[in-house]
>>> print(open('entry.cif').read())   # mmCIF, N, CA and C atoms
data_input
#
loop_
_atom_site.label_atom_id
_atom_site.label_comp_id
_atom_site.auth_asym_id
_atom_site.auth_seq_id
_atom_site.Cartn_x
_atom_site.Cartn_y
_atom_site.Cartn_z
N MET A 1417 -4.39 -16.37 3.65
CA MET A 1417 -4.55 -16.38 2.21
C MET A 1417 -5.88 -15.74 1.83
N LEU A 1418 -5.90 -15.09 0.70
CA LEU A 1418 -7.11 -14.50 0.18
C LEU A 1418 -8.10 -15.60 -0.15
N PRO A 1419 -9.27 -15.59 0.49
CA PRO A 1419 -10.26 -16.60 0.13
C PRO A 1419 -10.52 -16.54 -1.37
N GLY A 1420 -10.53 -17.67 -1.99
CA GLY A 1420 -10.79 -17.72 -3.41
C GLY A 1420 -9.53 -17.68 -4.25
N ALA A 1421 -8.37 -17.46 -3.62
CA ALA A 1421 -7.15 -17.39 -4.40
C ALA A 1421 -6.84 -18.75 -5.01
N PRO A 1422 -6.39 -18.77 -6.26
CA PRO A 1422 -6.13 -20.05 -6.91
C PRO A 1422 -4.96 -20.79 -6.30
N TYR A 1423 -4.16 -20.15 -5.48
CA TYR A 1423 -2.98 -20.76 -4.91
C TYR A 1423 -3.22 -21.29 -3.50
N SER A 1424 -4.46 -21.28 -3.03
CA SER A 1424 -4.71 -21.75 -1.67
C SER A 1424 -6.06 -22.46 -1.56
N HIS A 1425 -6.06 -23.54 -0.84
CA HIS A 1425 -7.31 -24.22 -0.53
C HIS A 1425 -7.56 -24.16 0.97
N THR A 1426 -6.77 -23.34 1.68
CA THR A 1426 -6.86 -23.23 3.12
C THR A 1426 -8.26 -22.83 3.57
N TRP A 1427 -8.88 -21.88 2.87
CA TRP A 1427 -10.20 -21.39 3.28
C TRP A 1427 -11.27 -22.46 3.19
N LEU A 1428 -11.05 -23.49 2.37
CA LEU A 1428 -12.03 -24.56 2.25
C LEU A 1428 -12.14 -25.38 3.54
N GLN A 1429 -11.17 -25.25 4.44
CA GLN A 1429 -11.17 -26.00 5.68
C GLN A 1429 -12.06 -25.37 6.74
N LEU A 1430 -12.56 -24.17 6.50
CA LEU A 1430 -13.46 -23.53 7.46
C LEU A 1430 -14.82 -24.21 7.46
N LYS A 1431 -15.45 -24.24 8.61
CA LYS A 1431 -16.80 -24.79 8.70
C LYS A 1431 -17.75 -23.85 7.96
N PRO A 1432 -18.82 -24.38 7.36
CA PRO A 1432 -19.73 -23.55 6.54
C PRO A 1432 -20.24 -22.30 7.24
N HIS A 1433 -20.57 -22.38 8.53
CA HIS A 1433 -21.10 -21.19 9.21
C HIS A 1433 -20.03 -20.11 9.36
N LEU A 1434 -18.76 -20.49 9.42
CA LEU A 1434 -17.67 -19.52 9.48
C LEU A 1434 -17.34 -19.00 8.08
N LEU A 1435 -17.37 -19.88 7.11
CA LEU A 1435 -17.08 -19.49 5.74
C LEU A 1435 -18.08 -18.45 5.24
N SER A 1436 -19.32 -18.55 5.68
CA SER A 1436 -20.33 -17.58 5.24
C SER A 1436 -20.07 -16.19 5.82
N ARG A 1437 -19.22 -16.08 6.84
CA ARG A 1437 -18.94 -14.80 7.49
C ARG A 1437 -17.59 -14.20 7.09
N VAL A 1438 -16.90 -14.83 6.13
CA VAL A 1438 -15.62 -14.29 5.67
C VAL A 1438 -15.87 -12.95 4.99
N TRP A 1439 -15.18 -11.93 5.45
CA TRP A 1439 -15.30 -10.59 4.89
C TRP A 1439 -16.76 -10.16 4.77
N PRO A 1440 -17.42 -9.79 5.84
CA PRO A 1440 -18.84 -9.41 5.80
C PRO A 1440 -19.06 -8.00 5.22
N ILE A 1441 -18.58 -7.80 4.01
CA ILE A 1441 -18.61 -6.48 3.38
C ILE A 1441 -20.05 -6.03 3.11
N ARG A 1442 -20.91 -6.93 2.63
CA ARG A 1442 -22.30 -6.56 2.35
C ARG A 1442 -22.96 -6.02 3.61
N GLU A 1443 -22.76 -6.71 4.74
CA GLU A 1443 -23.34 -6.27 6.01
C GLU A 1443 -22.81 -4.90 6.40
N MET A 1444 -21.51 -4.68 6.23
CA MET A 1444 -20.93 -3.40 6.61
C MET A 1444 -21.48 -2.26 5.76
N ILE A 1445 -21.58 -2.47 4.44
CA ILE A 1445 -22.13 -1.44 3.56
C ILE A 1445 -23.57 -1.15 3.94
N ASP A 1446 -24.36 -2.21 4.14
CA ASP A 1446 -25.77 -2.02 4.49
C ASP A 1446 -25.95 -1.32 5.83
N ALA A 1447 -24.97 -1.47 6.72
CA ALA A 1447 -25.03 -0.81 8.04
C ALA A 1447 -24.52 0.62 7.98
N GLY A 1448 -24.05 1.06 6.80
CA GLY A 1448 -23.59 2.42 6.65
C GLY A 1448 -22.11 2.63 6.93
N ALA A 1449 -21.37 1.55 7.11
CA ALA A 1449 -19.93 1.68 7.36
C ALA A 1449 -19.23 2.14 6.09
N GLN A 1450 -18.19 2.92 6.26
CA GLN A 1450 -17.37 3.32 5.12
C GLN A 1450 -16.27 2.28 4.96
N VAL A 1451 -16.44 1.41 4.02
CA VAL A 1451 -15.51 0.31 3.81
C VAL A 1451 -14.42 0.75 2.83
N VAL A 1452 -13.17 0.56 3.23
CA VAL A 1452 -12.02 0.90 2.40
C VAL A 1452 -11.05 -0.27 2.46
N PRO A 1453 -10.67 -0.83 1.31
CA PRO A 1453 -9.72 -1.94 1.32
C PRO A 1453 -8.31 -1.45 1.62
N GLY A 1454 -7.48 -2.38 2.06
CA GLY A 1454 -6.08 -2.06 2.32
C GLY A 1454 -5.20 -2.72 1.28
N SER A 1455 -4.00 -2.22 1.14
CA SER A 1455 -3.07 -2.80 0.18
C SER A 1455 -1.92 -3.53 0.87
N ASP A 1456 -2.01 -3.66 2.19
CA ASP A 1456 -0.92 -4.30 2.94
C ASP A 1456 -1.29 -5.73 3.31
N TRP A 1457 -1.69 -6.47 2.34
CA TRP A 1457 -2.13 -7.84 2.56
C TRP A 1457 -0.90 -8.73 2.71
N SER A 1458 -0.31 -8.73 3.87
CA SER A 1458 0.93 -9.49 4.07
C SER A 1458 0.73 -11.00 3.90
N VAL A 1459 -0.48 -11.45 3.97
CA VAL A 1459 -0.72 -12.89 3.84
C VAL A 1459 -1.12 -13.28 2.42
N VAL A 1460 -1.11 -12.31 1.51
CA VAL A 1460 -1.51 -12.58 0.13
C VAL A 1460 -0.30 -12.45 -0.78
N PRO A 1461 -0.01 -13.47 -1.57
CA PRO A 1461 1.17 -13.41 -2.44
C PRO A 1461 1.10 -12.32 -3.51
N SER A 1462 -0.10 -11.84 -3.83
CA SER A 1462 -0.25 -10.82 -4.86
C SER A 1462 -1.07 -9.66 -4.31
N ALA A 1463 -0.57 -8.45 -4.51
CA ALA A 1463 -1.32 -7.26 -4.09
C ALA A 1463 -2.23 -6.77 -5.21
N ASN A 1464 -2.51 -7.61 -6.18
CA ASN A 1464 -3.35 -7.25 -7.32
C ASN A 1464 -4.77 -6.94 -6.83
N PRO A 1465 -5.20 -5.66 -6.91
CA PRO A 1465 -6.54 -5.31 -6.42
C PRO A 1465 -7.66 -5.92 -7.24
N TRP A 1466 -7.37 -6.30 -8.49
CA TRP A 1466 -8.41 -6.87 -9.34
C TRP A 1466 -8.85 -8.25 -8.84
N ILE A 1467 -7.94 -8.99 -8.20
CA ILE A 1467 -8.31 -10.27 -7.59
C ILE A 1467 -9.30 -9.99 -6.45
N ALA A 1468 -8.99 -8.99 -5.62
CA ALA A 1468 -9.88 -8.64 -4.52
C ALA A 1468 -11.23 -8.17 -5.04
N LEU A 1469 -11.24 -7.32 -6.05
CA LEU A 1469 -12.50 -6.83 -6.61
C LEU A 1469 -13.38 -7.99 -7.08
N GLU A 1470 -12.79 -8.88 -7.85
CA GLU A 1470 -13.57 -10.01 -8.37
C GLU A 1470 -14.11 -10.86 -7.23
N SER A 1471 -13.29 -11.13 -6.23
CA SER A 1471 -13.72 -11.96 -5.11
C SER A 1471 -14.81 -11.29 -4.28
N LEU A 1472 -14.74 -9.98 -4.13
CA LEU A 1472 -15.79 -9.26 -3.39
C LEU A 1472 -17.13 -9.33 -4.11
N ILE A 1473 -17.10 -9.36 -5.42
CA ILE A 1473 -18.33 -9.38 -6.23
C ILE A 1473 -18.89 -10.79 -6.36
N THR A 1474 -18.02 -11.73 -6.71
CA THR A 1474 -18.49 -13.09 -6.99
C THR A 1474 -18.51 -13.99 -5.77
N ARG A 1475 -17.65 -13.66 -4.77
CA ARG A 1475 -17.44 -14.51 -3.60
C ARG A 1475 -17.01 -15.90 -4.04
N GLU A 1476 -16.13 -15.91 -5.05
CA GLU A 1476 -15.57 -17.14 -5.60
C GLU A 1476 -14.08 -16.95 -5.84
N ARG A 1477 -13.40 -18.04 -6.13
CA ARG A 1477 -12.01 -17.94 -6.55
C ARG A 1477 -11.97 -17.13 -7.84
N PRO A 1478 -10.89 -16.39 -8.09
CA PRO A 1478 -10.78 -15.66 -9.36
C PRO A 1478 -10.96 -16.61 -10.54
N GLY A 1479 -11.81 -16.22 -11.46
CA GLY A 1479 -12.10 -17.06 -12.61
C GLY A 1479 -13.05 -18.19 -12.30
N GLY A 1480 -13.62 -18.20 -11.10
CA GLY A 1480 -14.53 -19.28 -10.67
C GLY A 1480 -15.73 -19.41 -11.57
N ARG A 1481 -16.36 -20.56 -11.48
CA ARG A 1481 -17.51 -20.85 -12.34
C ARG A 1481 -18.80 -21.01 -11.55
N GLY A 1482 -18.78 -20.62 -10.30
CA GLY A 1482 -20.02 -20.66 -9.52
C GLY A 1482 -20.29 -21.95 -8.80
N GLY A 1483 -19.41 -22.92 -8.88
CA GLY A 1483 -19.62 -24.17 -8.17
C GLY A 1483 -19.37 -24.00 -6.69
N SER A 1484 -19.92 -24.88 -5.88
CA SER A 1484 -19.77 -24.75 -4.43
C SER A 1484 -18.31 -24.82 -3.98
N ALA A 1485 -17.47 -25.52 -4.74
CA ALA A 1485 -16.05 -25.60 -4.38
C ALA A 1485 -15.34 -24.26 -4.58
N ASP A 1486 -15.92 -23.40 -5.40
CA ASP A 1486 -15.33 -22.10 -5.68
C ASP A 1486 -15.93 -20.99 -4.82
N SER A 1487 -17.00 -21.25 -4.10
CA SER A 1487 -17.78 -20.20 -3.45
C SER A 1487 -17.50 -20.08 -1.95
N PHE A 1488 -17.69 -18.85 -1.45
CA PHE A 1488 -17.60 -18.61 -0.01
C PHE A 1488 -18.45 -17.38 0.33
N GLY A 1489 -19.32 -17.50 1.29
CA GLY A 1489 -20.09 -16.37 1.80
C GLY A 1489 -20.85 -15.59 0.75
N LYS A 1490 -21.60 -16.26 -0.10
CA LYS A 1490 -22.33 -15.60 -1.19
C LYS A 1490 -23.24 -14.47 -0.69
N SER A 1491 -23.76 -14.58 0.52
CA SER A 1491 -24.66 -13.54 1.03
C SER A 1491 -23.94 -12.21 1.26
N GLU A 1492 -22.62 -12.22 1.25
CA GLU A 1492 -21.83 -11.00 1.46
C GLU A 1492 -21.35 -10.37 0.15
N ALA A 1493 -21.82 -10.89 -0.99
CA ALA A 1493 -21.42 -10.35 -2.30
C ALA A 1493 -21.90 -8.90 -2.44
N ILE A 1494 -21.10 -8.11 -3.15
CA ILE A 1494 -21.48 -6.73 -3.43
C ILE A 1494 -21.46 -6.51 -4.94
N SER A 1495 -21.99 -5.39 -5.39
CA SER A 1495 -22.05 -5.11 -6.83
C SER A 1495 -20.70 -4.67 -7.36
N ARG A 1496 -20.56 -4.70 -8.65
CA ARG A 1496 -19.33 -4.27 -9.30
C ARG A 1496 -19.05 -2.80 -8.97
N LYS A 1497 -20.07 -1.95 -9.06
CA LYS A 1497 -19.89 -0.53 -8.74
C LYS A 1497 -19.48 -0.34 -7.28
N GLU A 1498 -20.13 -1.05 -6.37
CA GLU A 1498 -19.76 -0.94 -4.95
C GLU A 1498 -18.31 -1.34 -4.74
N ALA A 1499 -17.88 -2.42 -5.39
CA ALA A 1499 -16.50 -2.90 -5.22
C ALA A 1499 -15.50 -1.87 -5.74
N ILE A 1500 -15.74 -1.32 -6.92
CA ILE A 1500 -14.83 -0.32 -7.47
C ILE A 1500 -14.86 0.94 -6.63
N ASP A 1501 -16.03 1.32 -6.12
CA ASP A 1501 -16.12 2.49 -5.24
C ASP A 1501 -15.30 2.32 -3.97
N LEU A 1502 -15.18 1.10 -3.45
CA LEU A 1502 -14.36 0.88 -2.26
C LEU A 1502 -12.93 1.36 -2.49
N PHE A 1503 -12.40 1.07 -3.68
CA PHE A 1503 -11.01 1.38 -4.00
C PHE A 1503 -10.81 2.81 -4.50
N THR A 1504 -11.88 3.50 -4.85
CA THR A 1504 -11.76 4.83 -5.44
C THR A 1504 -12.43 5.89 -4.57
N VAL A 1505 -13.73 6.01 -4.70
CA VAL A 1505 -14.49 7.03 -3.99
C VAL A 1505 -14.37 6.89 -2.47
N ASN A 1506 -14.53 5.67 -1.95
CA ASN A 1506 -14.44 5.47 -0.50
C ASN A 1506 -13.05 5.76 0.03
N ALA A 1507 -12.02 5.34 -0.73
CA ALA A 1507 -10.65 5.61 -0.30
C ALA A 1507 -10.39 7.11 -0.25
N ALA A 1508 -10.89 7.85 -1.24
CA ALA A 1508 -10.73 9.31 -1.24
C ALA A 1508 -11.46 9.94 -0.05
N ARG A 1509 -12.66 9.47 0.22
CA ARG A 1509 -13.43 9.98 1.36
C ARG A 1509 -12.70 9.71 2.68
N HIS A 1510 -12.12 8.53 2.79
CA HIS A 1510 -11.37 8.16 4.00
C HIS A 1510 -10.19 9.11 4.23
N LEU A 1511 -9.59 9.56 3.15
CA LEU A 1511 -8.46 10.49 3.23
C LEU A 1511 -8.90 11.95 3.32
N HIS A 1512 -10.22 12.17 3.38
CA HIS A 1512 -10.79 13.52 3.37
C HIS A 1512 -10.38 14.27 2.10
N MET A 1513 -10.33 13.53 0.99
CA MET A 1513 -9.93 14.10 -0.30
C MET A 1513 -11.02 13.93 -1.36
N GLU A 1514 -12.28 13.70 -0.91
CA GLU A 1514 -13.35 13.58 -1.89
C GLU A 1514 -13.42 14.87 -2.69
N GLY A 1515 -13.68 14.74 -3.96
CA GLY A 1515 -13.67 15.88 -4.85
C GLY A 1515 -12.29 16.12 -5.46
N LYS A 1516 -11.27 15.52 -4.90
CA LYS A 1516 -9.90 15.66 -5.43
C LYS A 1516 -9.36 14.32 -5.92
N LEU A 1517 -9.71 13.23 -5.24
CA LEU A 1517 -9.25 11.89 -5.59
C LEU A 1517 -10.46 10.97 -5.77
N GLY A 1518 -10.23 9.82 -6.38
CA GLY A 1518 -11.26 8.78 -6.47
C GLY A 1518 -12.27 8.96 -7.58
N GLN A 1519 -12.09 10.00 -8.40
CA GLN A 1519 -13.02 10.25 -9.50
C GLN A 1519 -12.31 11.09 -10.55
N ILE A 1520 -12.87 11.11 -11.73
CA ILE A 1520 -12.34 11.97 -12.79
C ILE A 1520 -13.32 13.11 -12.94
N GLY A 1521 -12.84 14.33 -12.80
CA GLY A 1521 -13.72 15.48 -12.95
C GLY A 1521 -12.97 16.78 -12.77
N VAL A 1522 -13.64 17.87 -13.11
CA VAL A 1522 -13.06 19.20 -12.96
C VAL A 1522 -12.73 19.42 -11.49
N GLY A 1523 -11.50 19.85 -11.22
CA GLY A 1523 -11.06 20.11 -9.85
C GLY A 1523 -10.39 18.91 -9.20
N SER A 1524 -10.51 17.74 -9.81
CA SER A 1524 -9.85 16.55 -9.27
C SER A 1524 -8.39 16.54 -9.69
N LEU A 1525 -7.56 15.88 -8.89
CA LEU A 1525 -6.17 15.71 -9.27
C LEU A 1525 -6.10 14.78 -10.47
N ALA A 1526 -5.09 14.95 -11.27
CA ALA A 1526 -4.94 14.12 -12.46
C ALA A 1526 -4.18 12.84 -12.10
N ASP A 1527 -4.73 12.10 -11.13
CA ASP A 1527 -4.19 10.80 -10.74
C ASP A 1527 -5.12 9.75 -11.34
N LEU A 1528 -4.62 8.95 -12.25
CA LEU A 1528 -5.48 7.94 -12.85
C LEU A 1528 -4.67 6.81 -13.43
N ALA A 1529 -5.37 5.72 -13.65
CA ALA A 1529 -4.77 4.54 -14.27
C ALA A 1529 -5.49 4.26 -15.57
N VAL A 1530 -4.73 3.92 -16.60
CA VAL A 1530 -5.29 3.52 -17.89
C VAL A 1530 -5.25 2.00 -17.91
N LEU A 1531 -6.41 1.39 -18.11
CA LEU A 1531 -6.54 -0.07 -18.06
C LEU A 1531 -6.58 -0.67 -19.45
N ASP A 1532 -6.31 -1.96 -19.55
CA ASP A 1532 -6.35 -2.63 -20.84
C ASP A 1532 -7.76 -2.94 -21.31
N ARG A 1533 -8.74 -2.78 -20.43
CA ARG A 1533 -10.14 -2.98 -20.81
C ARG A 1533 -11.06 -2.34 -19.77
N ASP A 1534 -12.29 -2.17 -20.13
CA ASP A 1534 -13.28 -1.53 -19.27
C ASP A 1534 -13.76 -2.54 -18.22
N PRO A 1535 -13.47 -2.32 -16.93
CA PRO A 1535 -13.87 -3.30 -15.90
C PRO A 1535 -15.37 -3.41 -15.71
N PHE A 1536 -16.14 -2.48 -16.27
CA PHE A 1536 -17.59 -2.56 -16.20
C PHE A 1536 -18.18 -3.33 -17.37
N ALA A 1537 -17.37 -3.60 -18.40
CA ALA A 1537 -17.89 -4.22 -19.62
C ALA A 1537 -17.47 -5.67 -19.82
N ILE A 1538 -16.61 -6.19 -18.95
CA ILE A 1538 -16.15 -7.57 -19.13
C ILE A 1538 -16.89 -8.49 -18.17
N PRO A 1539 -16.89 -9.80 -18.45
CA PRO A 1539 -17.52 -10.72 -17.51
C PRO A 1539 -16.86 -10.59 -16.13
N ILE A 1540 -17.66 -10.68 -15.09
CA ILE A 1540 -17.15 -10.49 -13.72
C ILE A 1540 -16.00 -11.44 -13.42
N ASN A 1541 -16.09 -12.69 -13.89
CA ASN A 1541 -15.04 -13.65 -13.55
C ASN A 1541 -13.76 -13.45 -14.37
N LYS A 1542 -13.66 -12.31 -15.05
CA LYS A 1542 -12.43 -11.95 -15.78
C LYS A 1542 -11.77 -10.71 -15.15
N LEU A 1543 -12.37 -10.12 -14.12
CA LEU A 1543 -11.81 -8.92 -13.51
C LEU A 1543 -10.39 -9.13 -13.01
N HIS A 1544 -10.10 -10.33 -12.50
CA HIS A 1544 -8.76 -10.59 -11.95
C HIS A 1544 -7.65 -10.41 -12.98
N SER A 1545 -7.99 -10.43 -14.26
CA SER A 1545 -6.97 -10.34 -15.30
C SER A 1545 -6.83 -8.93 -15.90
N VAL A 1546 -7.55 -7.94 -15.36
CA VAL A 1546 -7.39 -6.57 -15.82
C VAL A 1546 -5.95 -6.12 -15.55
N THR A 1547 -5.38 -5.40 -16.48
CA THR A 1547 -4.00 -4.94 -16.37
C THR A 1547 -3.93 -3.43 -16.49
N VAL A 1548 -3.11 -2.82 -15.65
CA VAL A 1548 -2.87 -1.38 -15.73
C VAL A 1548 -1.81 -1.14 -16.81
N LEU A 1549 -2.15 -0.32 -17.81
CA LEU A 1549 -1.22 -0.01 -18.88
C LEU A 1549 -0.36 1.21 -18.55
N LYS A 1550 -1.00 2.22 -17.95
CA LYS A 1550 -0.29 3.46 -17.59
C LYS A 1550 -0.86 3.99 -16.28
N THR A 1551 -0.03 4.67 -15.53
CA THR A 1551 -0.46 5.35 -14.31
C THR A 1551 0.05 6.79 -14.35
N PHE A 1552 -0.85 7.72 -14.04
CA PHE A 1552 -0.50 9.13 -13.99
C PHE A 1552 -0.73 9.65 -12.58
N ILE A 1553 0.18 10.47 -12.07
CA ILE A 1553 0.02 11.15 -10.80
C ILE A 1553 0.25 12.63 -11.06
N ASN A 1554 -0.72 13.44 -10.65
CA ASN A 1554 -0.68 14.88 -10.94
C ASN A 1554 -0.49 15.14 -12.44
N GLY A 1555 -1.01 14.26 -13.26
CA GLY A 1555 -0.92 14.42 -14.70
C GLY A 1555 0.38 13.93 -15.31
N ASP A 1556 1.32 13.51 -14.48
CA ASP A 1556 2.60 13.02 -14.98
C ASP A 1556 2.59 11.51 -15.09
N LEU A 1557 3.08 11.00 -16.22
CA LEU A 1557 3.18 9.56 -16.42
C LEU A 1557 4.25 9.01 -15.48
N VAL A 1558 3.85 8.11 -14.58
CA VAL A 1558 4.80 7.53 -13.62
C VAL A 1558 5.00 6.02 -13.83
N HIS A 1559 4.15 5.42 -14.65
CA HIS A 1559 4.28 3.99 -14.94
C HIS A 1559 3.72 3.72 -16.32
N GLU A 1560 4.44 2.93 -17.08
CA GLU A 1560 3.93 2.48 -18.38
C GLU A 1560 4.35 1.03 -18.56
N ARG A 1561 3.36 0.17 -18.80
CA ARG A 1561 3.64 -1.25 -19.01
C ARG A 1561 4.36 -1.43 -20.35
N ARG A 1562 5.39 -2.17 -20.34
CA ARG A 1562 6.17 -2.40 -21.57
C ARG A 1562 5.72 -3.64 -22.27
#
>>> encode(input="entry.cif", output="structure tokens")
Amino acid sequence: MLPGAPYSHTWLQLKPHLLSRVWPIREMIDAGAQVVPGSDWSVVPSANPWIALESLITRERPGGRGGSADSFGKSEAISRKEAIDLFTVNAARHLHMEGKLGQIGVGSLADLAVLDRDPFAIPINKLHSVTVLKTFINGDLVHERR
């Protein structure tokens, strides 16, 4: 189960020294590793990347309030920009497609998602509720939320 997921308390059963080492993303970034998240989370009931983003930043359950019952491995927290970069810029670099994917700019493919709100402007503990309104691939609309 995704640590911090509202549907699981399994991670709370870990001993504190193990819980502090769940997903050592901060350490990996600081060591220069290229961290890229996966979407094949077979043990997670939801593939919603916004839940993962929020948890990587807050190291709490989605919507958490900072209490110890909601927290895990706070020393491994990363910034909002770092978390979003994992899913965009880092993923493009991993595919050797930097300059074409993972950013909006001249020469980039017109692959993008239109969100219901700016993920940089909302409270961090609300990231899990961001919704994709439209998705474009090569400039073509391929998904529109009804």
>>> resolve_selection(input="entry.cif", expression="the PyMOL selection byres ((chain A and resi 1540) around 8)", output="ChimeraX atom specification")
/A:1469-1471,1473-1474,1478-1480,1496,1535-1539,1541-1544
>>> atom_distance(input="entry.cif", atom1="atom C of Val1452 in chain A", atom2="CA of Val1438 in chain A")
15.1 Å
>>> select_by_dssp(input="entry.cif", residues="chain A", states="alpha helix (DSSP H)", output="NGL selection string")
:A and (1432-1435 or 1441-1446 or 1465-1474 or 1496-1503 or 1505-1510)
>>> atom_distance(input="entry.cif", atom1="atom N of Lys1550 in chain A", atom2="CA of Gly1523 in chain A")
22.1 Å
>>> atom_distance(input="entry.cif", atom1="atom C of Ile1441 in chain A", atom2="atom N of Gly1489 in chain A")
11.6 Å
>>> select_by_dssp(input="entry.cif", residues="range 1486-1542 of chain A", states="strand (DSSP E or B)", output="ChimeraX atom specification")
/A:1487,1514,1517,1528-1531
>>> resolve_selection(input="entry.cif", expression="the PyMOL selection byres ((chain A and resi 1492) around 8)", output="short mmCIF file (atom, residue, chain, number, x, y, z; two decimals) with N, CA and C atoms, in the frame of the given file")
data_model
loop_
_atom_site.label_atom_id
_atom_site.label_comp_id
_atom_site.auth_asym_id
_atom_site.auth_seq_id
_atom_site.Cartn_x
_atom_site.Cartn_y
_atom_site.Cartn_z
N SER A 1436 -19.32 -18.55 5.68
CA SER A 1436 -20.33 -17.58 5.24
C SER A 1436 -20.07 -16.19 5.82
N ARG A 1437 -19.22 -16.08 6.84
CA ARG A 1437 -18.94 -14.80 7.49
C ARG A 1437 -17.59 -14.20 7.09
N VAL A 1438 -16.90 -14.83 6.13
CA VAL A 1438 -15.62 -14.29 5.67
C VAL A 1438 -15.87 -12.95 4.99
N TRP A 1439 -15.18 -11.93 5.45
CA TRP A 1439 -15.30 -10.59 4.89
C TRP A 1439 -16.76 -10.16 4.77
N PRO A 1440 -17.42 -9.79 5.84
CA PRO A 1440 -18.84 -9.41 5.80
C PRO A 1440 -19.06 -8.00 5.22
N ILE A 1441 -18.58 -7.80 4.01
CA ILE A 1441 -18.61 -6.48 3.38
C ILE A 1441 -20.05 -6.03 3.11
N ARG A 1442 -20.91 -6.93 2.63
CA ARG A 1442 -22.30 -6.56 2.35
C ARG A 1442 -22.96 -6.02 3.61
N GLU A 1443 -22.76 -6.71 4.74
CA GLU A 1443 -23.34 -6.27 6.01
C GLU A 1443 -22.81 -4.90 6.40
N MET A 1444 -21.51 -4.68 6.23
CA MET A 1444 -20.93 -3.40 6.61
C MET A 1444 -21.48 -2.26 5.76
N SER A 1471 -13.29 -11.13 -6.23
CA SER A 1471 -13.72 -11.96 -5.11
C SER A 1471 -14.81 -11.29 -4.28
N LEU A 1472 -14.74 -9.98 -4.13
CA LEU A 1472 -15.79 -9.26 -3.39
C LEU A 1472 -17.13 -9.33 -4.11
N ILE A 1473 -17.10 -9.36 -5.42
CA ILE A 1473 -18.33 -9.38 -6.23
C ILE A 1473 -18.89 -10.79 -6.36
N THR A 1474 -18.02 -11.73 -6.71
CA THR A 1474 -18.49 -13.09 -6.99
C THR A 1474 -18.51 -13.99 -5.77
N ARG A 1475 -17.65 -13.66 -4.77
CA ARG A 1475 -17.44 -14.51 -3.60
C ARG A 1475 -17.01 -15.90 -4.04
N PHE A 1488 -17.69 -18.85 -1.45
CA PHE A 1488 -17.60 -18.61 -0.01
C PHE A 1488 -18.45 -17.38 0.33
N GLY A 1489 -19.32 -17.50 1.29
CA GLY A 1489 -20.09 -16.37 1.80
C GLY A 1489 -20.85 -15.59 0.75
N LYS A 1490 -21.60 -16.26 -0.10
CA LYS A 1490 -22.33 -15.60 -1.19
C LYS A 1490 -23.24 -14.47 -0.69
N SER A 1491 -23.76 -14.58 0.52
CA SER A 1491 -24.66 -13.54 1.03
C SER A 1491 -23.94 -12.21 1.26
N ALA A 1493 -21.82 -10.89 -0.99
CA ALA A 1493 -21.42 -10.35 -2.30
C ALA A 1493 -21.90 -8.90 -2.44
N ILE A 1494 -21.10 -8.11 -3.15
CA ILE A 1494 -21.48 -6.73 -3.43
C ILE A 1494 -21.46 -6.51 -4.94
N SER A 1495 -21.99 -5.39 -5.39
CA SER A 1495 -22.05 -5.11 -6.83
C SER A 1495 -20.70 -4.67 -7.36
#
>>> resolve_selection(input="entry.cif", expression="the PyMOL selection byres ((chain A and resi 1500-1507) around 6.5)", output="PyMOL selection string")
chain A and resi 1451-1453+1469+1495-1499+1508-1512+1517-1519
>>> closest_residue(input="entry.cif", among="A:Gly1448, A:Ile1553, A:Glu1514, A:Gly1454", to="Ala1529 in chain A", atoms="only N, CA and C atoms")
A:Ile1553
>>> axis_aligned_box(input="entry.cif", around="range 1438-1442 of chain A", padding_each_side="5 Å", output="lines of an AutoDock Vina configuration file")
center_x = -19.1
center_y = -10.4
center_z = 4.2
size_x = 17.8
size_y = 18.8
size_z = 13.8
>>> decode(input="entry.cif", residues="range 1546-1562 of chain A", atoms="C-alpha atoms", output="short mmCIF file (atom, residue, chain, number, x, y, z; two decimals), in the first residue's frame")
data_model
loop_
_atom_site.label_atom_id
_atom_site.label_comp_id
_atom_site.auth_asym_id
_atom_site.auth_seq_id
_atom_site.Cartn_x
_atom_site.Cartn_y
_atom_site.Cartn_z
CA VAL A 1546 -6.09 17.90 -8.51
CA THR A 1547 -8.07 16.69 -11.52
CA VAL A 1548 -7.06 16.43 -15.17
CA LEU A 1549 -9.67 18.18 -17.32
CA LYS A 1550 -8.14 17.53 -20.75
CA THR A 1551 -5.19 15.63 -22.17
CA PHE A 1552 -3.52 16.36 -25.50
CA ILE A 1553 -1.04 14.13 -27.34
CA ASN A 1554 0.74 15.61 -30.35
CA GLY A 1555 -1.71 18.49 -30.05
CA ASP A 1556 -4.75 16.24 -30.41
CA LEU A 1557 -7.37 16.11 -27.68
CA VAL A 1558 -7.40 12.50 -26.44
CA HIS A 1559 -9.25 12.92 -23.13
CA GLU A 1560 -11.82 15.36 -21.83
CA ARG A 1561 -13.44 15.07 -18.42
CA ARG A 1562 -17.21 15.20 -18.69
#
